[in-house]
file input-v3.cif (mmCIF, C-alpha atoms)
data_protein
loop_
_atom_site.group_PDB
_atom_site.id
_atom_site.type_symbol
_atom_site.label_atom_id
_atom_site.label_comp_id
_atom_site.auth_asym_id
_atom_site.auth_seq_id
_atom_site.Cartn_x
_atom_site.Cartn_y
_atom_site.Cartn_z
ATOM 1 C CA MET A 9 -26.817 -23.855 -118.021
ATOM 2 C CA LYS A 10 -26.259 -27.114 -119.897
ATOM 3 C CA LYS A 11 -28.404 -25.773 -122.764
ATOM 4 C CA LEU A 12 -26.434 -22.551 -122.897
ATOM 5 C CA PHE A 13 -23.205 -24.521 -123.000
ATOM 6 C CA LEU A 14 -24.520 -26.604 -125.872
ATOM 7 C CA CYS A 15 -25.524 -23.431 -127.752
ATOM 8 C CA VAL A 16 -22.099 -21.916 -127.278
ATOM 9 C CA ILE A 17 -20.511 -25.086 -128.638
ATOM 10 C CA ALA A 18 -23.031 -25.593 -131.429
ATOM 11 C CA LEU A 19 -23.093 -22.067 -132.826
ATOM 12 C CA PRO A 20 -19.504 -21.847 -134.095
ATOM 13 C CA LEU A 21 -19.745 -25.470 -135.165
ATOM 14 C CA SER A 22 -22.806 -24.754 -137.292
ATOM 15 C CA PHE A 23 -21.016 -21.815 -138.911
ATOM 16 C CA GLN A 24 -18.121 -24.125 -139.647
ATOM 17 C CA ILE A 25 -20.416 -26.722 -141.203
ATOM 18 C CA ALA A 26 -22.139 -24.033 -143.278
ATOM 19 C CA ALA A 27 -18.777 -22.706 -144.432
ATOM 20 C CA SER A 28 -17.478 -26.149 -145.364
ATOM 21 C CA GLU A 29 -20.702 -26.899 -147.245
ATOM 22 C CA MET A 30 -20.230 -23.707 -149.247
ATOM 23 C CA GLU A 31 -16.668 -24.682 -150.029
ATOM 24 C CA GLY A 32 -17.823 -28.148 -151.004
ATOM 25 C CA HIS A 33 -20.144 -26.939 -153.724
ATOM 26 C CA THR A 34 -19.177 -27.924 -157.220
ATOM 27 C CA GLU A 35 -18.074 -24.945 -159.295
ATOM 28 C CA VAL A 36 -20.353 -24.007 -162.189
ATOM 29 C CA HIS A 37 -17.529 -25.020 -164.521
ATOM 30 C CA ASP A 38 -17.472 -28.558 -163.108
ATOM 31 C CA LEU A 39 -21.245 -28.729 -162.986
ATOM 32 C CA MET A 40 -21.272 -27.990 -166.717
ATOM 33 C CA ALA A 41 -18.403 -30.300 -167.605
ATOM 34 C CA TYR A 42 -19.317 -33.331 -165.528
ATOM 35 C CA VAL A 43 -23.069 -33.104 -164.983
ATOM 36 C CA LEU A 44 -24.909 -31.002 -167.566
ATOM 37 C CA ASP A 45 -22.796 -31.595 -170.641
ATOM 38 C CA PRO A 46 -22.819 -35.417 -170.448
ATOM 39 C CA ALA A 47 -26.577 -35.287 -169.799
ATOM 40 C CA ALA A 48 -27.126 -33.065 -172.831
ATOM 41 C CA GLU A 49 -24.906 -35.350 -174.908
ATOM 42 C CA ALA A 50 -27.151 -38.291 -173.975
ATOM 43 C CA ILE A 51 -30.059 -36.400 -175.530
ATOM 44 C CA TRP A 52 -28.171 -35.007 -178.539
ATOM 45 C CA ASP A 53 -26.526 -38.327 -179.404
ATOM 46 C CA SER A 54 -29.839 -40.180 -179.347
ATOM 47 C CA ALA A 55 -31.559 -38.325 -182.155
ATOM 48 C CA GLY A 56 -30.526 -37.451 -185.675
ATOM 49 C CA TYR A 57 -29.120 -39.051 -188.781
ATOM 50 C CA VAL A 58 -25.795 -39.861 -190.356
ATOM 51 C CA ILE A 59 -26.053 -39.696 -194.125
ATOM 52 C CA THR A 60 -23.520 -41.171 -196.528
ATOM 53 C CA GLU A 61 -23.638 -42.408 -200.104
ATOM 54 C CA GLU A 62 -24.463 -45.830 -198.661
ATOM 55 C CA GLY A 63 -27.619 -44.524 -197.025
ATOM 56 C CA GLU A 64 -28.999 -43.011 -193.856
ATOM 57 C CA VAL A 65 -28.479 -44.238 -190.281
ATOM 58 C CA ASN A 66 -31.059 -43.173 -187.696
ATOM 59 C CA LEU A 67 -29.394 -42.498 -184.332
ATOM 60 C CA ALA A 68 -32.580 -43.022 -182.299
ATOM 61 C CA PRO A 69 -32.322 -45.663 -179.564
ATOM 62 C CA THR A 70 -33.385 -49.113 -180.651
ATOM 63 C CA ASP A 71 -33.861 -50.673 -177.218
ATOM 64 C CA GLN A 72 -35.033 -49.855 -173.693
ATOM 65 C CA GLU A 73 -31.485 -49.379 -172.479
ATOM 66 C CA GLY A 74 -30.984 -46.618 -175.039
ATOM 67 C CA TRP A 75 -34.183 -44.822 -174.063
ATOM 68 C CA ASP A 76 -33.331 -45.171 -170.369
ATOM 69 C CA LYS A 77 -30.059 -43.404 -171.072
ATOM 70 C CA VAL A 78 -32.040 -40.509 -172.540
ATOM 71 C CA LYS A 79 -34.391 -40.507 -169.546
ATOM 72 C CA ASN A 80 -31.405 -40.366 -167.225
ATOM 73 C CA GLY A 81 -29.939 -37.417 -169.125
ATOM 74 C CA ALA A 82 -33.315 -35.688 -169.167
ATOM 75 C CA LYS A 83 -33.724 -35.957 -165.394
ATOM 76 C CA VAL A 84 -30.210 -34.671 -164.827
ATOM 77 C CA ILE A 85 -30.964 -31.677 -167.073
ATOM 78 C CA SER A 86 -34.208 -30.798 -165.311
ATOM 79 C CA GLU A 87 -32.796 -31.213 -161.796
ATOM 80 C CA SER A 88 -29.671 -29.240 -162.720
ATOM 81 C CA SER A 89 -31.888 -26.186 -163.060
ATOM 82 C CA TYR A 90 -32.101 -26.151 -159.255
ATOM 83 C CA LEU A 91 -28.379 -26.729 -158.839
ATOM 84 C CA LEU A 92 -27.620 -23.754 -161.071
ATOM 85 C CA SER A 93 -30.173 -21.578 -159.307
ATOM 86 C CA MET A 94 -28.666 -22.084 -155.854
ATOM 87 C CA PRO A 95 -27.675 -18.734 -154.340
ATOM 88 C CA GLU A 96 -24.059 -19.893 -154.103
ATOM 89 C CA ARG A 97 -23.947 -20.332 -157.879
ATOM 90 C CA ALA A 98 -26.419 -17.817 -159.297
ATOM 91 C CA LEU A 99 -24.715 -14.690 -160.628
ATOM 92 C CA ASP A 100 -28.017 -12.883 -160.317
ATOM 93 C CA GLN A 101 -31.541 -13.711 -159.241
ATOM 94 C CA THR A 102 -33.257 -12.642 -162.438
ATOM 95 C CA GLN A 103 -31.934 -13.717 -165.825
ATOM 96 C CA TRP A 104 -29.540 -16.342 -164.461
ATOM 97 C CA VAL A 105 -32.309 -18.063 -162.556
ATOM 98 C CA ALA A 106 -34.781 -17.716 -165.442
ATOM 99 C CA LEU A 107 -32.343 -19.287 -167.905
ATOM 100 C CA SER A 108 -31.408 -22.022 -165.431
ATOM 101 C CA MET A 109 -35.058 -22.841 -164.843
ATOM 102 C CA ALA A 110 -35.656 -23.034 -168.596
ATOM 103 C CA LEU A 111 -33.591 -26.219 -168.431
ATOM 104 C CA LYS A 112 -36.235 -27.761 -166.192
ATOM 105 C CA GLY A 113 -38.854 -27.615 -168.935
ATOM 106 C CA MET A 114 -36.373 -28.926 -171.496
ATOM 107 C CA GLY A 115 -35.488 -31.914 -169.315
ATOM 108 C CA GLU A 116 -39.130 -32.690 -168.595
ATOM 109 C CA ARG A 117 -40.008 -32.603 -172.299
ATOM 110 C CA ALA A 118 -37.022 -34.787 -173.187
ATOM 111 C CA PHE A 119 -38.086 -37.294 -170.520
ATOM 112 C CA LYS A 120 -41.604 -37.391 -171.972
ATOM 113 C CA ALA A 121 -40.225 -37.891 -175.488
ATOM 114 C CA ALA A 122 -38.106 -40.790 -174.226
ATOM 115 C CA GLU A 123 -41.108 -42.314 -172.448
ATOM 116 C CA ASN A 124 -43.029 -42.124 -175.721
ATOM 117 C CA GLU A 125 -39.956 -43.286 -177.664
ATOM 118 C CA ASP A 126 -40.534 -40.294 -179.936
ATOM 119 C CA ALA A 127 -37.190 -39.677 -181.675
ATOM 120 C CA GLU A 128 -38.501 -36.823 -183.843
ATOM 121 C CA ASP A 129 -39.700 -34.909 -180.792
ATOM 122 C CA LEU A 130 -36.421 -35.630 -179.018
ATOM 123 C CA PHE A 131 -34.564 -34.197 -182.015
ATOM 124 C CA LYS A 132 -36.587 -30.958 -181.834
ATOM 125 C CA ILE A 133 -36.102 -30.726 -178.069
ATOM 126 C CA GLY A 134 -32.355 -31.218 -178.550
ATOM 127 C CA ALA A 135 -32.244 -28.142 -180.777
ATOM 128 C CA GLU A 136 -34.285 -26.086 -178.304
ATOM 129 C CA LEU A 137 -32.083 -27.250 -175.444
ATOM 130 C CA TYR A 138 -29.076 -25.906 -177.333
ATOM 131 C CA GLN A 139 -30.816 -22.542 -177.775
ATOM 132 C CA VAL A 140 -31.301 -22.338 -173.999
ATOM 133 C CA CYS A 141 -27.596 -23.127 -173.529
ATOM 134 C CA VAL A 142 -26.574 -20.482 -176.066
ATOM 135 C CA ALA A 143 -28.875 -17.843 -174.560
ATOM 136 C CA CYS A 144 -27.190 -18.333 -171.177
ATOM 137 C CA HIS A 145 -23.660 -18.553 -172.558
ATOM 138 C CA GLN A 146 -24.176 -15.389 -174.622
ATOM 139 C CA THR A 147 -25.095 -13.506 -171.481
ATOM 140 C CA TYR A 148 -22.613 -14.937 -169.011
ATOM 141 C CA TRP A 149 -19.775 -16.532 -170.908
ATOM 142 C CA ILE A 150 -19.061 -16.019 -174.581
ATOM 143 C CA LYS A 151 -17.101 -13.052 -175.743
ATOM 144 C CA GLU A 152 -17.339 -12.167 -179.422
ATOM 145 C CA GLU A 153 -14.273 -11.587 -181.483
ATOM 146 C CA MET B 23 -17.340 -9.105 -156.128
ATOM 147 C CA LYS B 24 -19.703 -10.027 -158.948
ATOM 148 C CA ILE B 25 -17.134 -8.939 -161.520
ATOM 149 C CA ILE B 26 -14.526 -11.203 -159.898
ATOM 150 C CA LEU B 27 -17.002 -14.085 -159.843
ATOM 151 C CA ARG B 28 -17.788 -13.463 -163.506
ATOM 152 C CA ILE B 29 -14.089 -13.484 -164.443
ATOM 153 C CA ILE B 30 -13.537 -16.760 -162.538
ATOM 154 C CA PHE B 31 -16.607 -18.189 -164.223
ATOM 155 C CA CYS B 32 -15.413 -17.193 -167.696
ATOM 156 C CA LEU B 33 -11.896 -18.508 -167.116
ATOM 157 C CA SER B 34 -13.145 -21.825 -165.805
ATOM 158 C CA PHE B 35 -15.435 -22.186 -168.810
ATOM 159 C CA GLY B 36 -12.508 -21.454 -171.086
ATOM 160 C CA ALA B 37 -10.646 -24.396 -169.615
ATOM 161 C CA PHE B 38 -13.706 -26.574 -169.963
ATOM 162 C CA THR B 39 -14.132 -25.843 -173.651
ATOM 163 C CA LEU B 40 -10.683 -27.182 -174.421
ATOM 164 C CA GLN B 41 -11.932 -30.649 -173.581
ATOM 165 C CA ALA B 42 -15.431 -30.339 -174.971
ATOM 166 C CA ASN B 43 -16.051 -30.844 -178.645
ATOM 167 C CA ALA B 44 -19.752 -31.148 -179.224
ATOM 168 C CA HIS B 45 -20.777 -27.999 -177.479
ATOM 169 C CA HIS B 46 -18.382 -25.103 -177.277
ATOM 170 C CA ALA B 47 -17.714 -21.452 -177.940
ATOM 171 C CA PHE B 48 -16.306 -20.528 -181.345
ATOM 172 C CA THR B 49 -13.017 -19.234 -179.983
ATOM 173 C CA ALA B 50 -12.372 -22.389 -177.981
ATOM 174 C CA GLU B 51 -12.035 -24.449 -181.143
ATOM 175 C CA PHE B 52 -11.625 -22.158 -184.129
ATOM 176 C CA ASP B 53 -9.288 -19.414 -185.236
ATOM 177 C CA PRO B 54 -11.035 -16.220 -186.371
ATOM 178 C CA LYS B 55 -7.743 -15.210 -188.035
ATOM 179 C CA ALA B 56 -7.674 -18.325 -190.213
ATOM 180 C CA PRO B 57 -10.435 -17.987 -192.803
ATOM 181 C CA ILE B 58 -10.669 -20.739 -195.372
ATOM 182 C CA ASN B 59 -12.583 -21.642 -198.523
ATOM 183 C CA ILE B 60 -13.235 -25.341 -198.961
ATOM 184 C CA THR B 61 -14.401 -26.642 -202.312
ATOM 185 C CA GLY B 62 -15.243 -30.302 -202.603
ATOM 186 C CA LYS B 63 -17.725 -33.123 -202.661
ATOM 187 C CA VAL B 64 -19.957 -33.878 -199.696
ATOM 188 C CA VAL B 65 -19.216 -37.424 -198.536
ATOM 189 C CA LYS B 66 -21.024 -37.534 -195.220
ATOM 190 C CA VAL B 67 -23.538 -35.411 -193.313
ATOM 191 C CA GLU B 68 -24.051 -35.794 -189.585
ATOM 192 C CA TRP B 69 -27.517 -34.352 -189.063
ATOM 193 C CA ILE B 70 -27.211 -34.065 -185.288
ATOM 194 C CA ASN B 71 -27.546 -31.573 -182.441
ATOM 195 C CA PRO B 72 -26.066 -29.345 -181.286
ATOM 196 C CA HIS B 73 -24.118 -28.976 -184.553
ATOM 197 C CA ALA B 74 -24.551 -30.585 -187.938
ATOM 198 C CA TRP B 75 -21.254 -31.764 -189.446
ATOM 199 C CA VAL B 76 -20.593 -31.836 -193.162
ATOM 200 C CA HIS B 77 -17.671 -33.951 -194.339
ATOM 201 C CA VAL B 78 -16.217 -32.551 -197.552
ATOM 202 C CA GLU B 79 -13.677 -34.366 -199.708
ATOM 203 C CA VAL B 80 -11.182 -31.941 -201.196
ATOM 204 C CA GLU B 81 -8.987 -33.160 -204.025
ATOM 205 C CA ASP B 82 -5.796 -31.442 -205.127
ATOM 206 C CA GLU B 83 -2.412 -32.383 -206.592
ATOM 207 C CA GLU B 84 -1.339 -33.813 -203.218
ATOM 208 C CA GLY B 85 -4.330 -36.130 -202.954
ATOM 209 C CA LYS B 86 -7.621 -36.214 -201.132
ATOM 210 C CA THR B 87 -8.347 -34.580 -197.790
ATOM 211 C CA ILE B 88 -11.521 -34.819 -195.756
ATOM 212 C CA TRP B 89 -12.611 -31.618 -194.057
ATOM 213 C CA MET B 90 -15.100 -31.864 -191.214
ATOM 214 C CA VAL B 91 -17.129 -28.681 -191.321
ATOM 215 C CA GLU B 92 -19.210 -27.708 -188.317
ATOM 216 C CA GLY B 93 -22.542 -26.052 -188.974
ATOM 217 C CA GLY B 94 -25.403 -24.786 -186.856
ATOM 218 C CA THR B 95 -28.130 -26.968 -185.426
ATOM 219 C CA PRO B 96 -30.082 -28.918 -188.054
ATOM 220 C CA ASN B 97 -33.133 -26.791 -187.168
ATOM 221 C CA THR B 98 -31.181 -23.625 -187.942
ATOM 222 C CA LEU B 99 -30.050 -25.077 -191.245
ATOM 223 C CA ILE B 100 -33.612 -26.050 -192.141
ATOM 224 C CA ARG B 101 -34.784 -22.503 -191.399
ATOM 225 C CA ASN B 102 -32.090 -21.269 -193.784
ATOM 226 C CA GLY B 103 -33.201 -23.678 -196.494
ATOM 227 C CA ILE B 104 -30.627 -26.428 -196.020
ATOM 228 C CA THR B 105 -32.279 -29.810 -195.538
ATOM 229 C CA ARG B 106 -31.344 -33.488 -195.525
ATOM 230 C CA GLU B 107 -32.651 -33.545 -199.075
ATOM 231 C CA THR B 108 -30.594 -30.606 -200.381
ATOM 232 C CA LEU B 109 -27.312 -31.299 -198.610
ATOM 233 C CA VAL B 110 -26.689 -34.809 -199.844
ATOM 234 C CA PRO B 111 -23.521 -36.828 -200.419
ATOM 235 C CA GLY B 112 -22.121 -36.246 -203.882
ATOM 236 C CA THR B 113 -23.018 -32.535 -203.996
ATOM 237 C CA VAL B 114 -20.091 -30.259 -204.765
ATOM 238 C CA ILE B 115 -20.152 -27.266 -202.430
ATOM 239 C CA ILE B 116 -18.019 -24.284 -201.512
ATOM 240 C CA VAL B 117 -17.800 -23.604 -197.802
ATOM 241 C CA ARG B 118 -16.509 -20.344 -196.411
ATOM 242 C CA GLY B 119 -15.421 -20.660 -192.823
ATOM 243 C CA TYR B 120 -12.605 -20.683 -190.311
ATOM 244 C CA GLN B 121 -10.003 -23.335 -189.576
ATOM 245 C CA SER B 122 -9.563 -24.986 -186.220
ATOM 246 C CA LYS B 123 -6.897 -23.634 -183.922
ATOM 247 C CA GLY B 124 -3.489 -24.986 -184.834
ATOM 248 C CA ARG B 125 -4.545 -25.451 -188.491
ATOM 249 C CA LEU B 126 -2.591 -28.701 -188.555
ATOM 250 C CA CYS B 127 -5.288 -31.063 -189.795
ATOM 251 C CA LEU B 128 -4.298 -33.408 -186.991
ATOM 252 C CA PRO B 129 -5.859 -35.818 -186.481
ATOM 253 C CA ARG B 130 -8.230 -34.429 -189.124
ATOM 254 C CA CYS B 131 -9.033 -31.146 -190.820
ATOM 255 C CA ILE B 132 -11.763 -29.286 -188.972
ATOM 256 C CA ALA B 133 -13.435 -26.006 -189.828
ATOM 257 C CA ASN B 134 -16.357 -23.940 -188.715
ATOM 258 C CA GLY B 135 -18.626 -23.225 -191.666
ATOM 259 C CA ARG B 136 -20.116 -19.780 -192.081
ATOM 260 C CA ASP B 137 -21.823 -20.095 -195.456
ATOM 261 C CA VAL B 138 -22.191 -22.713 -198.128
ATOM 262 C CA THR B 139 -22.571 -22.202 -201.877
ATOM 263 C CA PHE B 140 -24.504 -24.853 -203.799
ATOM 264 C CA PRO B 141 -24.007 -25.863 -207.468
ATOM 265 C CA ASP B 142 -26.889 -23.571 -208.508
ATOM 266 C CA GLY B 143 -25.020 -20.593 -207.057
ATOM 267 C CA SER B 144 -27.242 -20.115 -204.018
ATOM 268 C CA LYS B 145 -25.309 -19.121 -200.925
ATOM 269 C CA VAL B 146 -26.761 -19.911 -197.499
ATOM 270 C CA PHE B 147 -25.662 -19.173 -193.938
ATOM 271 C CA MET B 148 -24.771 -22.501 -192.318
ATOM 272 C CA GLY B 149 -23.312 -21.408 -188.974
ATOM 273 C CA SER B 150 -24.602 -20.779 -185.483
ATOM 274 C CA SER B 151 -25.600 -17.403 -184.152
ATOM 275 C CA GLY B 152 -24.394 -16.275 -180.770
ATOM 276 C CA THR B 153 -21.445 -18.593 -180.356
ATOM 277 C CA GLY B 154 -18.823 -15.863 -180.541
ATOM 278 C CA ALA B 155 -17.957 -16.301 -184.225
ATOM 279 C CA PRO B 156 -16.699 -13.175 -186.007
ATOM 280 C CA ARG B 157 -19.389 -10.827 -187.269
ATOM 281 C CA ASP B 158 -18.314 -11.240 -190.864
ATOM 282 C CA GLY B 159 -21.619 -10.615 -192.567
ATOM 283 C CA ALA B 160 -22.364 -14.309 -193.103
ATOM 284 C CA ASP B 161 -25.183 -14.395 -190.560
ATOM 285 C CA PRO B 162 -28.066 -12.312 -191.927
ATOM 286 C CA ARG B 163 -29.588 -12.098 -188.444
ATOM 287 C CA GLU B 164 -26.737 -10.220 -186.841
ATOM 288 C CA SER B 165 -25.515 -6.778 -187.673
ATOM 289 C CA LYS B 166 -21.903 -6.080 -188.561
ATOM 290 C CA ARG B 167 -20.034 -4.113 -185.920
#

call {"tool": "encode", "arguments": {"input": "input-v3.cif", "output": "structure tokens"}}
result
Amino acid sequence: MKKLFLCVIALPLSFQIAASEMEGHTEVHDLMAYVLDPAAEAIWDSAGYVITEEGEVNLAPTDQEGWDKVKNGAKVISESSYLLSMPERALDQTQWVALSMALKGMGERAFKAAENEDAEDLFKIGAELYQVCVACHQTYWIKEE
Amino acid sequence: MKIILRIIFCLSFGAFTLQANAHHAFTAEFDPKAPINITGKVVKVEWINPHAWVHVEVEDEEGKTIWMVEGGTPNTLIRNGITRETLVPGTVIIVRGYQSKGRLCLPRCIANGRDVTFPDGSKVFMGSSGTGAPRDGADPRESKR
């Protein structure tokens, strides 16, 4: 009897918790703006060159702190693939999930490049990361003029 | 339901792009109804992902103006034949592109570059594919509608 009472109490409560968890999920828009984009910026800003008449400045990190920033961004990118693939966020279970999971490989490669302090590789990965972003945005976001 | 979700998703991304500069859709930053030709001397090249930036000094009777011209990823530019060695400060180029929304040059003049003409007359696509830019024939990889 006691068990049945507990079940009766717990069942609606669990639905309530589930519902509030759903409501609590960050929108894809916020996930992009506050999680993925800053992480991608950490990768993009850490590789490349600024060229002027005075010469060329290499943007690659020059200390451990700089490379750790890249590693942090890389991990956020790879783990965000799961966040985007969650059923509450995925617009479909095929292309959306495939494109989201492509980020995982990008993040893992960027992390490896940072571990090896390989700025050239990080630069290439940055370009490929952008192609993954564009492929997804073309399908689910961008409207052509 | 999916259509509604997609609309919400697109609208929220639209808001996001207003605050994002490095990575954005064409229409969030640039005006497809404001084409522009920029002729001037390259003074700075930011060879970075996700977009290379070419700073062009334009001189007219009113003085000098610096235009920041957004290009595709450095990898895309390299594939099109534009390299760090060919796009160097001091080169006089003609850029065909589109002005930023508002066209006010405040705080600086910004444009999206579609193609660039070099002193030898060669014209090369310098933009990004798939970002929602007008299909104006500049990108050899996409068909005109």

call {"tool": "residues_around", "arguments": {"input": "input-v3.cif", "residues": "B:Lys55", "least_positions_apart": "5", "cutoff": "10 Å", "atoms": "all atoms listed in the file", "output": "PDB file with C-alpha atoms, in the frame of the given file"}}
result
ATOM      1  CA  GLU A 153     -14.273 -11.587-181.483  1.00  0.00           C
TER       2      GLU A 153
ATOM      3  CA  TYR B 120     -12.605 -20.683-190.311  1.00  0.00           C
ATOM      4  CA  GLN B 121     -10.003 -23.335-189.576  1.00  0.00           C
ATOM      5  CA  LYS B 123      -6.897 -23.634-183.922  1.00  0.00           C
ATOM      6  CA  PRO B 156     -16.699 -13.175-186.007  1.00  0.00           C
TER       7      PRO B 156
END

call {"tool": "resolve_selection", "arguments": {"input": "input-v3.cif", "expression": "the PyMOL selection byres ((chain B and resi 88) around 10)", "output": "number ranges by chain"}}
result
B: 62-66, 76-81, 86-87, 89-91, 127, 130-132

call {"tool": "resolve_selection", "arguments": {"input": "input-v3.cif", "expression": "the PyMOL selection byres ((chain A) within 7 of (chain B))", "output": "PDB file with C-alpha atoms, in the coordinates of the input"}}
result
ATOM      1  CA  HIS A  37     -17.529 -25.020-164.521  1.00  0.00           C
ATOM      2  CA  ALA A  41     -18.403 -30.300-167.605  1.00  0.00           C
ATOM      3  CA  TRP A  52     -28.171 -35.007-178.539  1.00  0.00           C
ATOM      4  CA  ALA A  55     -31.559 -38.325-182.155  1.00  0.00           C
ATOM      5  CA  GLY A  56     -30.526 -37.451-185.675  1.00  0.00           C
ATOM      6  CA  TYR A  57     -29.120 -39.051-188.781  1.00  0.00           C
ATOM      7  CA  VAL A  58     -25.795 -39.861-190.356  1.00  0.00           C
ATOM      8  CA  ILE A  59     -26.053 -39.696-194.125  1.00  0.00           C
ATOM      9  CA  THR A  60     -23.520 -41.171-196.528  1.00  0.00           C
ATOM     10  CA  GLU A  61     -23.638 -42.408-200.104  1.00  0.00           C
ATOM     11  CA  GLY A 134     -32.355 -31.218-178.550  1.00  0.00           C
ATOM     12  CA  ALA A 135     -32.244 -28.142-180.777  1.00  0.00           C
ATOM     13  CA  TYR A 138     -29.076 -25.906-177.333  1.00  0.00           C
ATOM     14  CA  VAL A 142     -26.574 -20.482-176.066  1.00  0.00           C
ATOM     15  CA  GLN A 146     -24.176 -15.389-174.622  1.00  0.00           C
ATOM     16  CA  TRP A 149     -19.775 -16.532-170.908  1.00  0.00           C
ATOM     17  CA  ILE A 150     -19.061 -16.019-174.581  1.00  0.00           C
ATOM     18  CA  LYS A 151     -17.101 -13.052-175.743  1.00  0.00           C
ATOM     19  CA  GLU A 152     -17.339 -12.167-179.422  1.00  0.00           C
ATOM     20  CA  GLU A 153     -14.273 -11.587-181.483  1.00  0.00           C
TER      21      GLU A 153
END

call {"tool": "resolve_selection", "arguments": {"input": "input-v3.cif", "expression": "the PyMOL selection byres ((chain A and resi 118) around 10)", "output": "JSON, numbers by chain"}}
result
{"A": [51, 78, 79, 80, 81, 82, 83, 85, 86, 112, 113, 114, 115, 116, 117, 119, 120, 121, 122, 123, 124, 126, 127, 129, 130, 131, 132, 133, 134, 137]}

call {"tool": "write_last_selection", "arguments": {"input": "input-v3.cif", "atoms": "C-alpha atoms", "output": "compact mmCIF listing (two decimals), keeping the file's coordinate frame"}}
result
# COMPACT_ATOMS: atom_id res chain seq x y z
CA ILE A 51 -30.06 -36.40 -175.53
CA VAL A 78 -32.04 -40.51 -172.54
CA LYS A 79 -34.39 -40.51 -169.55
CA ASN A 80 -31.40 -40.37 -167.22
CA GLY A 81 -29.94 -37.42 -169.12
CA ALA A 82 -33.32 -35.69 -169.17
CA LYS A 83 -33.72 -35.96 -165.39
CA ILE A 85 -30.96 -31.68 -167.07
CA SER A 86 -34.21 -30.80 -165.31
CA LYS A 112 -36.24 -27.76 -166.19
CA GLY A 113 -38.85 -27.62 -168.94
CA MET A 114 -36.37 -28.93 -171.50
CA GLY A 115 -35.49 -31.91 -169.32
CA GLU A 116 -39.13 -32.69 -168.60
CA ARG A 117 -40.01 -32.60 -172.30
CA PHE A 119 -38.09 -37.29 -170.52
CA LYS A 120 -41.60 -37.39 -171.97
CA ALA A 121 -40.22 -37.89 -175.49
CA ALA A 122 -38.11 -40.79 -174.23
CA GLU A 123 -41.11 -42.31 -172.45
CA ASN A 124 -43.03 -42.12 -175.72
CA ASP A 126 -40.53 -40.29 -179.94
CA ALA A 127 -37.19 -39.68 -181.68
CA ASP A 129 -39.70 -34.91 -180.79
CA LEU A 130 -36.42 -35.63 -179.02
CA PHE A 131 -34.56 -34.20 -182.02
CA LYS A 132 -36.59 -30.96 -181.83
CA ILE A 133 -36.10 -30.73 -178.07
CA GLY A 134 -32.35 -31.22 -178.55
CA LEU A 137 -32.08 -27.25 -175.44

call {"tool": "atom_distance", "arguments": {"input": "input-v3.cif", "atom1": "atom CA of A:Met94", "atom2": "atom CA of A:Ser54"}}
result
29.7 Å

call {"tool": "atom_distance", "arguments": {"input": "input-v3.cif", "atom1": "atom CA of B:Asp142", "atom2": "atom CA of B:Pro162"}}
result
20.1 Å

call {"tool": "atom_distance", "arguments": {"input": "input-v3.cif", "atom1": "atom CA of A:Glu96", "atom2": "atom CA of A:Gln139"}}
result
24.8 Å

call {"tool": "closest_residue", "arguments": {"input": "input-v3.cif", "among": "B:Ala56, B:Ala160, B:Val114, B:Leu128", "to": "B:Phe147", "atoms": "only C-alpha atoms"}}
result
B:Ala160

call {"tool": "build_atoms", "arguments": {"input": "input-v3.cif", "residues": "stretch 132-142 of chain A", "atoms": "N, CA and C atoms", "output": "short mmCIF file (atom, residue, chain, number, x, y, z; two decimals), keeping the file's coordinate frame"}}
result
data_model
loop_
_atom_site.label_atom_id
_atom_site.label_comp_id
_atom_site.auth_asym_id
_atom_site.auth_seq_id
_atom_site.Cartn_x
_atom_site.Cartn_y
_atom_site.Cartn_z
N LYS A 132 -36.17 -32.37 -181.94
CA LYS A 132 -36.59 -30.96 -181.83
C LYS A 132 -36.20 -30.39 -180.47
N ILE A 133 -36.43 -31.18 -179.43
CA ILE A 133 -36.10 -30.73 -178.07
C ILE A 133 -34.59 -30.51 -177.94
N GLY A 134 -33.82 -31.36 -178.58
CA GLY A 134 -32.35 -31.22 -178.55
C GLY A 134 -31.91 -29.87 -179.10
N ALA A 135 -32.57 -29.45 -180.18
CA ALA A 135 -32.24 -28.14 -180.78
C ALA A 135 -32.64 -27.01 -179.84
N GLU A 136 -33.81 -27.13 -179.23
CA GLU A 136 -34.28 -26.09 -178.30
C GLU A 136 -33.41 -26.02 -177.06
N LEU A 137 -32.98 -27.19 -176.61
CA LEU A 137 -32.08 -27.25 -175.44
C LEU A 137 -30.81 -26.46 -175.74
N TYR A 138 -30.30 -26.62 -176.94
CA TYR A 138 -29.08 -25.91 -177.33
C TYR A 138 -29.32 -24.40 -177.33
N GLN A 139 -30.52 -23.98 -177.77
CA GLN A 139 -30.82 -22.54 -177.78
C GLN A 139 -30.83 -21.98 -176.36
N VAL A 140 -31.32 -22.78 -175.41
CA VAL A 140 -31.30 -22.34 -174.00
C VAL A 140 -29.85 -22.20 -173.53
N CYS A 141 -29.02 -23.18 -173.90
CA CYS A 141 -27.60 -23.13 -173.53
C CYS A 141 -26.95 -21.86 -174.10
N VAL A 142 -27.20 -21.62 -175.39
CA VAL A 142 -26.57 -20.48 -176.07
C VAL A 142 -27.05 -19.17 -175.45
#
